[in-house]
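Structure file start_12.csv (CSV, C-alpha atoms and all ligand atoms) is printed below.
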```csv
chain,number,residue,atom,x,y,z
A,1,MET,CA,-3.0,4.0,18.0
A,2,SER,CA,-0.9,6.9,19.3
A,3,ASP,CA,-3.0,10.0,19.8
A,4,ALA,CA,-0.1,12.5,19.6
A,5,ASP,CA,1.1,11.0,16.3
A,6,ALA,CA,-2.5,10.9,15.0
A,7,ARG,CA,-3.0,14.6,16.0
A,8,LEU,CA,0.3,15.5,14.2
A,9,ALA,CA,-0.8,13.5,11.1
A,10,ALA,CA,-4.2,15.3,11.1
A,11,ARG,CA,-2.6,18.8,11.5
A,12,LEU,CA,-0.1,18.1,8.7
A,13,ALA,CA,-2.7,16.7,6.4
A,14,ARG,CA,-5.0,19.7,7.0
A,15,GLU,CA,-2.2,22.3,6.6
A,16,ALA,CA,-0.8,20.7,3.5
A,17,GLY,CA,-4.4,20.7,2.1
A,18,ASP,CA,-4.8,24.4,2.9
A,19,LEU,CA,-1.6,25.0,1.0
A,20,LEU,CA,-2.8,23.0,-2.0
A,21,LEU,CA,-6.1,24.9,-2.0
A,22,LYS,CA,-4.1,28.2,-2.1
A,23,ILE,CA,-1.9,27.0,-4.9
A,24,ARG,CA,-5.0,25.9,-6.9
A,25,GLU,CA,-6.7,29.3,-6.3
A,26,SER,CA,-3.6,31.1,-7.6
A,27,GLY,CA,-4.0,29.3,-11.0
A,28,GLY,CA,-1.2,28.8,-13.5
A,29,ASP,CA,-0.3,26.0,-15.8
A,30,ASP,CA,2.0,24.1,-13.5
A,31,LEU,CA,-0.5,23.5,-10.7
A,32,MET,CA,0.1,19.8,-10.5
A,33,ARG,CA,3.9,20.1,-10.3
A,34,ARG,CA,3.7,22.9,-7.8
A,35,GLY,CA,1.1,21.1,-5.7
A,36,ASP,CA,3.2,18.0,-5.5
A,37,ALA,CA,6.5,19.9,-4.8
A,38,GLU,CA,5.2,22.5,-2.3
A,39,SER,CA,3.0,20.1,-0.3
A,40,ASN,CA,6.0,17.7,-0.1
A,41,ALA,CA,8.4,20.4,1.1
A,42,PHE,CA,5.9,21.4,3.8
A,43,LEU,CA,5.4,17.9,5.0
A,44,LEU,CA,9.1,17.0,5.1
A,45,ALA,CA,10.0,20.3,6.9
A,46,GLU,CA,7.3,19.7,9.6
A,47,LEU,CA,8.2,16.0,10.1
A,48,ALA,CA,11.9,17.0,10.4
A,49,ALA,CA,11.0,19.6,13.0
A,50,CYS,CA,8.4,17.6,15.0
A,51,ARG,CA,9.8,14.0,14.7
A,52,PRO,CA,13.5,14.4,13.9
A,53,ASP,CA,14.3,10.8,14.8
A,54,ASP,CA,11.8,9.2,12.4
A,55,ALA,CA,12.3,8.2,8.8
A,56,VAL,CA,10.1,9.3,5.9
A,57,LEU,CA,8.9,7.7,2.7
A,58,SER,CA,7.3,10.2,0.4
A,59,GLU,CA,6.0,9.8,-3.1
A,60,GLU,CA,7.8,13.1,-4.0
A,61,ALA,CA,11.2,12.6,-2.3
A,62,ALA,CA,14.2,10.4,-3.1
A,63,ASP,CA,13.9,7.1,-1.2
A,64,ASP,CA,16.3,7.0,1.7
A,65,PRO,CA,17.2,3.4,2.5
A,66,ALA,CA,17.7,4.3,6.1
A,67,ARG,CA,13.9,3.8,6.4
A,68,LEU,CA,14.5,0.0,6.1
A,69,GLY,CA,16.3,-0.1,9.5
A,70,ALA,CA,14.0,2.5,11.2
A,71,SER,CA,11.4,1.6,13.8
A,72,ARG,CA,9.2,4.5,12.9
A,73,VAL,CA,8.5,5.6,9.3
A,74,TRP,CA,6.1,8.3,8.1
A,75,ILE,CA,4.6,7.3,4.8
A,76,VAL,CA,3.2,10.3,3.0
A,77,ASP,CA,1.6,11.2,-0.3
A,78,PRO,CA,1.7,15.0,-0.5
A,79,LEU,CA,-1.0,15.0,-3.2
A,80,ASP,CA,-3.0,11.9,-4.0
A,81,GLY,CA,-5.1,12.3,-7.1
A,82,THR,CA,-2.7,14.8,-8.8
A,83,ARG,CA,-4.6,14.3,-12.1
A,84,GLU,CA,-7.9,15.4,-10.5
A,85,TYR,CA,-6.3,18.2,-8.6
A,86,GLY,CA,-5.3,19.7,-12.0
A,87,ARG,CA,-8.9,19.7,-13.2
A,88,PRO,CA,-11.2,22.6,-12.2
A,89,GLY,CA,-14.0,21.8,-9.9
A,90,ARG,CA,-12.8,18.3,-8.9
A,91,VAL,CA,-12.8,17.5,-5.2
A,92,ASP,CA,-11.4,13.9,-5.5
A,93,TRP,CA,-7.9,14.6,-4.4
A,94,ALA,CA,-6.3,14.2,-0.9
A,95,VAL,CA,-3.3,14.5,1.3
A,96,HIS,CA,-2.1,11.3,3.1
A,97,VAL,CA,0.0,11.2,6.3
A,98,ALA,CA,0.6,7.8,8.0
A,99,LEU,CA,3.0,6.5,10.6
A,100,TRP,CA,4.2,2.9,10.3
A,101,GLN,CA,5.9,1.3,13.3
A,102,ARG,CA,8.0,-1.9,13.1
A,103,GLY,CA,6.2,-5.0,14.2
A,104,ARG,CA,2.9,-3.0,14.5
A,105,GLY,CA,2.0,-1.6,11.1
A,106,ILE,CA,0.2,1.7,10.5
A,107,MET,CA,-0.3,3.1,14.0
A,108,ALA,CA,-1.5,6.6,13.2
A,109,ALA,CA,-2.9,8.2,10.0
A,110,ALA,CA,-4.8,11.1,8.5
A,111,VAL,CA,-6.4,11.7,5.1
A,112,ALA,CA,-7.4,15.3,4.2
A,113,VAL,CA,-9.9,15.9,1.4
A,114,PRO,CA,-9.4,19.6,1.2
A,115,GLY,CA,-12.0,20.1,-1.6
A,116,LEU,CA,-14.6,18.8,0.9
A,117,ASN,CA,-13.0,20.6,3.9
A,118,LEU,CA,-12.6,17.2,5.6
A,119,VAL,CA,-9.8,15.6,7.6
A,120,HIS,CA,-10.2,12.0,8.7
A,121,ALA,CA,-7.8,10.9,11.4
A,122,SER,CA,-7.3,7.5,13.0
A,123,ASP,CA,-7.9,8.9,16.5
A,124,ASP,CA,-11.3,10.5,15.8
A,125,VAL,CA,-13.2,8.2,13.4
A,126,VAL,CA,-16.9,7.8,13.7
A,127,ARG,CA,-18.0,4.2,13.3
A,128,LYS,CA,-21.0,4.0,11.0
A,129,SER,CA,-23.4,1.1,11.2
A,130,ALA,CA,-26.1,1.9,8.7
A,131,PRO,CA,-27.7,-1.1,7.0
A,132,ALA,CA,-26.2,-2.0,3.6
A,133,PRO,CA,-28.2,-0.7,0.7
A,134,ALA,CA,-29.9,-3.1,-1.7
A,135,VAL,CA,-27.5,-2.1,-4.5
A,136,PRO,CA,-24.0,-1.8,-3.1
A,137,ARG,CA,-21.8,1.0,-4.4
A,138,ILE,CA,-18.2,0.1,-5.3
A,139,LEU,CA,-15.7,2.9,-5.9
A,140,VAL,CA,-12.9,2.4,-8.5
A,141,SER,CA,-10.2,4.5,-10.1
A,142,ASP,CA,-11.4,7.1,-12.6
A,143,SER,CA,-8.5,6.4,-14.9
A,144,ARG,CA,-7.4,2.8,-14.1
A,145,PRO,CA,-10.3,0.7,-12.8
A,146,PRO,CA,-9.5,-3.0,-12.1
A,147,SER,CA,-9.9,-5.3,-15.1
A,148,PHE,CA,-12.2,-7.4,-13.0
A,149,ALA,CA,-14.4,-4.5,-11.7
A,150,ALA,CA,-17.4,-5.0,-14.0
A,151,ALA,CA,-17.5,-8.8,-13.3
A,152,VAL,CA,-17.3,-8.2,-9.6
A,153,ALA,CA,-20.1,-5.6,-9.7
A,154,ASP,CA,-22.2,-8.0,-11.8
A,155,ASP,CA,-21.7,-10.8,-9.3
A,156,LEU,CA,-22.6,-8.6,-6.3
A,157,GLY,CA,-25.5,-6.7,-8.0
A,158,ALA,CA,-23.5,-3.6,-7.3
A,159,VAL,CA,-23.0,-0.3,-9.1
A,160,LEU,CA,-19.5,0.9,-10.0
A,161,THR,CA,-18.6,4.6,-9.4
A,162,PRO,CA,-15.4,6.1,-10.8
A,163,MET,CA,-13.6,8.5,-8.5
A,164,GLY,CA,-10.0,9.9,-8.4
A,165,SER,CA,-7.6,9.5,-5.4
A,166,ALA,CA,-7.2,6.5,-3.1
A,167,GLY,CA,-7.7,8.8,-0.1
A,168,ALA,CA,-10.9,10.3,-1.5
A,169,LYS,CA,-12.3,6.8,-2.3
A,170,ALA,CA,-11.4,5.3,1.1
A,171,THR,CA,-12.9,8.2,3.1
A,172,ALA,CA,-16.1,8.0,1.0
A,173,VAL,CA,-16.5,4.4,2.3
A,174,LEU,CA,-15.7,5.7,5.8
A,175,ARG,CA,-18.5,8.2,5.6
A,176,GLY,CA,-20.9,5.5,4.3
A,177,GLU,CA,-21.2,7.0,0.8
A,178,ALA,CA,-20.1,3.7,-0.7
A,179,GLU,CA,-19.7,0.1,0.6
A,180,ALA,CA,-16.3,-0.7,-1.0
A,181,PHE,CA,-13.3,0.7,-2.8
A,182,VAL,CA,-11.3,-1.8,-4.9
A,183,HIS,CA,-8.1,-1.2,-6.8
A,184,ALA,CA,-5.8,-3.5,-8.8
A,185,GLY,CA,-3.1,-3.1,-11.5
A,186,GLY,CA,-0.7,-0.8,-9.7
A,187,GLN,CA,-0.3,1.4,-6.6
A,188,TRP,CA,2.4,2.4,-4.2
A,189,GLU,CA,2.6,2.3,-0.4
A,190,TRP,CA,2.0,6.0,-0.1
A,191,ASP,CA,-1.3,5.7,-2.0
A,192,SER,CA,-2.8,3.3,0.5
A,193,ALA,CA,-1.0,3.7,3.9
A,194,ALA,CA,-3.0,6.6,5.3
A,195,PRO,CA,-6.3,5.5,3.8
A,196,VAL,CA,-5.8,2.0,5.3
A,197,GLY,CA,-4.8,3.5,8.7
A,198,VAL,CA,-8.1,5.5,9.0
A,199,ALA,CA,-10.2,2.7,7.5
A,200,LEU,CA,-8.9,0.1,10.0
A,201,ALA,CA,-9.3,2.6,12.9
A,202,ALA,CA,-13.0,2.9,11.8
A,203,GLY,CA,-13.5,-0.9,11.9
A,204,LEU,CA,-13.6,-1.3,8.1
A,205,HIS,CA,-11.9,-4.2,6.3
A,206,ALA,CA,-8.6,-3.4,4.5
A,207,SER,CA,-6.5,-6.0,2.6
A,208,ARG,CA,-4.9,-7.0,-0.7
A,209,VAL,CA,-7.6,-8.2,-3.2
A,210,ASP,CA,-6.7,-11.8,-2.4
A,211,GLY,CA,-7.5,-11.1,1.3
A,212,SER,CA,-3.9,-11.2,2.4
A,213,PRO,CA,-2.6,-8.4,4.7
A,214,LEU,CA,-1.1,-5.1,3.4
A,215,VAL,CA,2.5,-4.9,4.4
A,216,TYR,CA,4.4,-1.6,4.5
A,217,ASN,CA,7.9,-0.3,4.5
A,218,ARG,CA,9.3,-2.9,2.2
A,219,PRO,CA,12.4,-2.3,0.1
A,220,HIS,CA,10.4,-1.9,-3.1
A,221,PRO,CA,7.3,0.1,-2.0
A,222,TYR,CA,5.0,-1.2,-4.7
A,223,LEU,CA,1.7,-2.4,-3.4
A,224,PRO,CA,-0.5,-2.9,-6.5
A,225,ASP,CA,-3.9,-3.7,-5.2
A,226,LEU,CA,-6.2,-2.9,-2.4
A,227,LEU,CA,-9.7,-3.6,-1.0
A,228,ILE,CA,-11.3,-1.3,1.6
A,229,CYS,CA,-14.9,-2.1,2.4
A,230,ARG,CA,-17.5,-2.6,5.2
A,231,ALA,CA,-16.3,-5.5,7.4
A,232,ASP,CA,-19.6,-7.3,6.9
A,233,ALA,CA,-19.2,-7.2,3.1
A,234,ALA,CA,-15.6,-8.4,3.0
A,235,PRO,CA,-16.2,-12.2,2.6
A,236,ARG,CA,-18.7,-11.6,-0.3
A,237,VAL,CA,-16.5,-9.1,-2.1
A,238,LEU,CA,-13.4,-11.2,-1.7
A,239,ALA,CA,-15.3,-14.2,-3.0
A,240,ALA,CA,-16.5,-12.2,-6.0
A,241,ILE,CA,-13.0,-11.1,-6.8
A,242,ARG,CA,-11.7,-14.7,-6.5
A,243,ALA,CA,-14.4,-15.9,-8.9
A,244,THR,CA,-13.2,-13.6,-11.7
B,301,LIG,N1,-1.7,1.2,-12.3
B,301,LIG,C1,-1.2,2.1,-11.5
B,301,LIG,N2,0.2,2.1,-11.3
B,301,LIG,C2,0.8,3.0,-10.4
B,301,LIG,N3,0.1,3.9,-9.7
B,301,LIG,C3,-1.3,3.9,-9.8
B,301,LIG,C4,-2.0,3.0,-10.7
B,301,LIG,N4,-3.3,3.3,-10.6
B,301,LIG,C5,-3.4,4.3,-9.7
B,301,LIG,N5,-2.2,4.6,-9.2
B,301,LIG,C6,-1.9,5.7,-8.2
B,301,LIG,O1,-2.8,5.6,-7.1
B,301,LIG,C7,-3.3,6.9,-6.7
B,301,LIG,C8,-4.9,6.8,-6.9
B,301,LIG,O2,-5.2,6.6,-8.2
B,301,LIG,P1,-6.6,6.7,-8.8
B,301,LIG,O3,-7.0,8.2,-8.6
B,301,LIG,O4,-6.5,6.3,-10.2
B,301,LIG,O5,-7.5,5.9,-7.9
B,301,LIG,C9,-2.7,7.9,-7.7
B,301,LIG,O6,-1.7,8.5,-6.9
B,301,LIG,P2,-1.1,10.0,-7.3
B,301,LIG,O7,-2.2,10.9,-7.7
B,301,LIG,O8,-0.5,10.3,-5.9
B,301,LIG,O9,0.0,9.8,-8.3
B,301,LIG,C10,-2.2,7.0,-8.9
B,301,LIG,O10,-1.1,7.5,-9.5
B,302,MG,MG,-1.0,8.8,-4.6
```

Would you give me this structure, written as structure tokens?
Ligand SMILES: Nc1ncnc2c1ncn2[C@@H]1O[C@H](COP(=O)(O)O)[C@@H](OP(=O)(O)O)[C@H]1O
Ligand SMILES: [Mg+2]
Amino acid sequence: MSDADARLAARLAREAGDLLLKIRESGGDDLMRRGDAESNAFLLAELAACRPDDAVLSEEAADDPARLGASRVWIVDPLDGTREYGRPGRVDWAVHVALWQRGRGIMAAAVAVPGLNLVHASDDVVRKSAPAPAVPRILVSDSRPPSFAAAVADDLGAVLTPMGSAGAKATAVLRGEAEAFVHAGGQWEWDSAAPVGVALAAGLHASRVDGSPLVYNRPHPYLPDLLICRADAAPRVLAAIRAT
């Protein structure tokens, strides 16, 4: 992991999060559009200034095919959990900043959860080793949970908890507030790159739901499913998904 890149990711995620909090406080009916657009503009300007030679893939910017030949690509989601951001009182939304490097994968990452005043970065994660609870907690999308979620929870004797934002869910697992986050049915590289970067840095398991590796910076950046969980739980969770 590159410390300078991880520090930059952490600063940008925090500052974009502060900007999003201010926009939210100012009110108005176009919060979600403004949040997406202004956070994106901030991140693109900072990356252009601080890493002018790197490519960028952002949810909110036109895809520049130059990234396909680049050796370093920042994969950013300026506002993950836009739907929840637009709902008063919700804290399950996040800012994602990740650096992908050719031949190496996600090498630096940060996820800010501004509503909780938290920034998790790949260079300062705390490894948790609390024993697993008797009833594991599995986080799923609030709006689009996997079709197999109930069957998997049943198999594992787990409880399902809906939550918005991939970054919010992944970092809740990082903090030991849940044992797993599972998603299927649709997602994009920017939804998972930074959450996966911080999860892997913390020693968690991160893969596709069939156990195969997550591959980034592909021509079509669709990456529809994801499992992030305690490393010791991964074999059982993957087996439960396979059995559905
Ligand atoms: N079936 C699907 N197809 C495409 N994107 C999806 C999806 N389900 C979830 N996502 C995206 O994944 C992110 C986390 O979703 P969720 O909150 O449901 O877990 C959201 O990103 P954005 O808020 O950045 O659009 C959401 O749009
Ligand atoms: Mg997103």

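The space separating atom CA of A:Arg72 from atom CA of A:Leu99 comes to 6.9 Å.
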
* Counting all atoms listed in the file, the option among A:Val135, A:Ala240, A:Val91, A:Ile106 closest to A:Trp74 -> A:Ile106

* May I have the residues within 10 Å of stretch 187-191 of chain A as an MDAnalysis selection string, using all atoms listed in the file and disregarding those fewer than 2 positions away in the same chain? => chainID A and resid 57:60 74:81 94:98 165:167 183:185 193:196 214:218 220:226

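The nearest approach to ligand LIG 301 (chain B) among the residues A:Gly203, A:Gly105, A:Gly69, A:Gly35, with all atoms listed in the file taken into account, belongs to A:Gly35.
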
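With distances taken over all atoms listed in the file, A:Trp100 is the one residue among A:Trp100, A:Asp30, A:Val173, A:Phe42 lying closest to A:Val56.
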
* Asked: Quick one: of A:Val152, A:Leu116, A:Ile228, A:Arg137, who's nearest to A:Gly89, counting all atoms listed in the file?
  -> A:Leu116

N, CA and C atoms are needed for stretch 1-29 of chain A; please write them out as a compact mmCIF listing (two decimals), in the frame of the given file.
```
# COMPACT_ATOMS: atom_id res chain seq x y z
N MET A 1 -3.20 2.78 18.80
CA MET A 1 -3.00 4.00 18.00
C MET A 1 -2.38 5.09 18.95
N SER A 2 -1.44 5.84 18.44
CA SER A 2 -0.90 6.90 19.30
C SER A 2 -1.60 8.21 18.97
N ASP A 3 -2.19 8.81 20.03
CA ASP A 3 -3.00 10.00 19.80
C ASP A 3 -2.10 11.20 19.40
N ALA A 4 -0.90 11.34 20.01
CA ALA A 4 -0.10 12.50 19.60
C ALA A 4 0.36 12.36 18.17
N ASP A 5 0.70 11.16 17.74
CA ASP A 5 1.10 11.00 16.30
C ASP A 5 -0.11 11.18 15.42
N ALA A 6 -1.28 10.71 15.83
CA ALA A 6 -2.50 10.90 15.00
C ALA A 6 -2.84 12.38 14.90
N ARG A 7 -2.68 13.11 16.00
CA ARG A 7 -3.00 14.60 16.00
C ARG A 7 -1.99 15.28 15.04
N LEU A 8 -0.72 14.86 15.11
CA LEU A 8 0.30 15.50 14.20
C LEU A 8 -0.10 15.16 12.76
N ALA A 9 -0.45 13.90 12.49
CA ALA A 9 -0.80 13.50 11.10
C ALA A 9 -2.01 14.37 10.65
N ALA A 10 -2.99 14.57 11.52
CA ALA A 10 -4.20 15.30 11.10
C ALA A 10 -3.82 16.81 10.87
N ARG A 11 -2.98 17.38 11.73
CA ARG A 11 -2.60 18.80 11.50
C ARG A 11 -1.82 18.93 10.20
N LEU A 12 -0.88 18.03 9.97
CA LEU A 12 -0.10 18.10 8.70
C LEU A 12 -0.92 17.94 7.50
N ALA A 13 -1.84 16.98 7.55
CA ALA A 13 -2.70 16.70 6.40
C ALA A 13 -3.58 17.97 6.12
N ARG A 14 -4.12 18.55 7.20
CA ARG A 14 -5.00 19.70 7.00
C ARG A 14 -4.17 20.90 6.46
N GLU A 15 -3.00 21.16 7.04
CA GLU A 15 -2.20 22.30 6.60
C GLU A 15 -1.67 22.15 5.19
N ALA A 16 -1.27 20.95 4.85
CA ALA A 16 -0.80 20.70 3.50
C ALA A 16 -2.01 20.89 2.52
N GLY A 17 -3.18 20.47 2.95
CA GLY A 17 -4.40 20.70 2.10
C GLY A 17 -4.71 22.13 1.94
N ASP A 18 -4.56 22.94 3.00
CA ASP A 18 -4.80 24.40 2.90
C ASP A 18 -3.83 25.00 1.87
N LEU A 19 -2.58 24.55 1.96
CA LEU A 19 -1.60 25.00 1.00
C LEU A 19 -1.94 24.67 -0.43
N LEU A 20 -2.41 23.44 -0.61
CA LEU A 20 -2.80 23.00 -2.00
C LEU A 20 -4.00 23.79 -2.47
N LEU A 21 -4.94 24.13 -1.59
CA LEU A 21 -6.10 24.90 -2.00
C LEU A 21 -5.61 26.33 -2.47
N LYS A 22 -4.67 26.90 -1.75
CA LYS A 22 -4.10 28.20 -2.10
C LYS A 22 -3.43 28.19 -3.46
N ILE A 23 -2.62 27.16 -3.65
CA ILE A 23 -1.90 27.00 -4.90
C ILE A 23 -2.92 26.90 -6.07
N ARG A 24 -3.96 26.15 -5.83
CA ARG A 24 -5.00 25.90 -6.90
C ARG A 24 -5.70 27.25 -7.18
N GLU A 25 -6.00 28.03 -6.12
CA GLU A 25 -6.70 29.30 -6.30
C GLU A 25 -5.80 30.29 -7.14
N SER A 26 -4.48 30.17 -6.92
CA SER A 26 -3.60 31.10 -7.60
C SER A 26 -3.48 30.83 -9.09
N GLY A 27 -3.92 29.66 -9.53
CA GLY A 27 -4.00 29.30 -11.00
C GLY A 27 -2.57 29.07 -11.53
N GLY A 28 -2.45 29.13 -12.85
CA GLY A 28 -1.20 28.80 -13.50
C GLY A 28 -1.20 27.47 -14.15
N ASP A 29 -0.25 27.24 -15.09
CA ASP A 29 -0.30 26.00 -15.80
C ASP A 29 0.52 24.86 -15.16
```
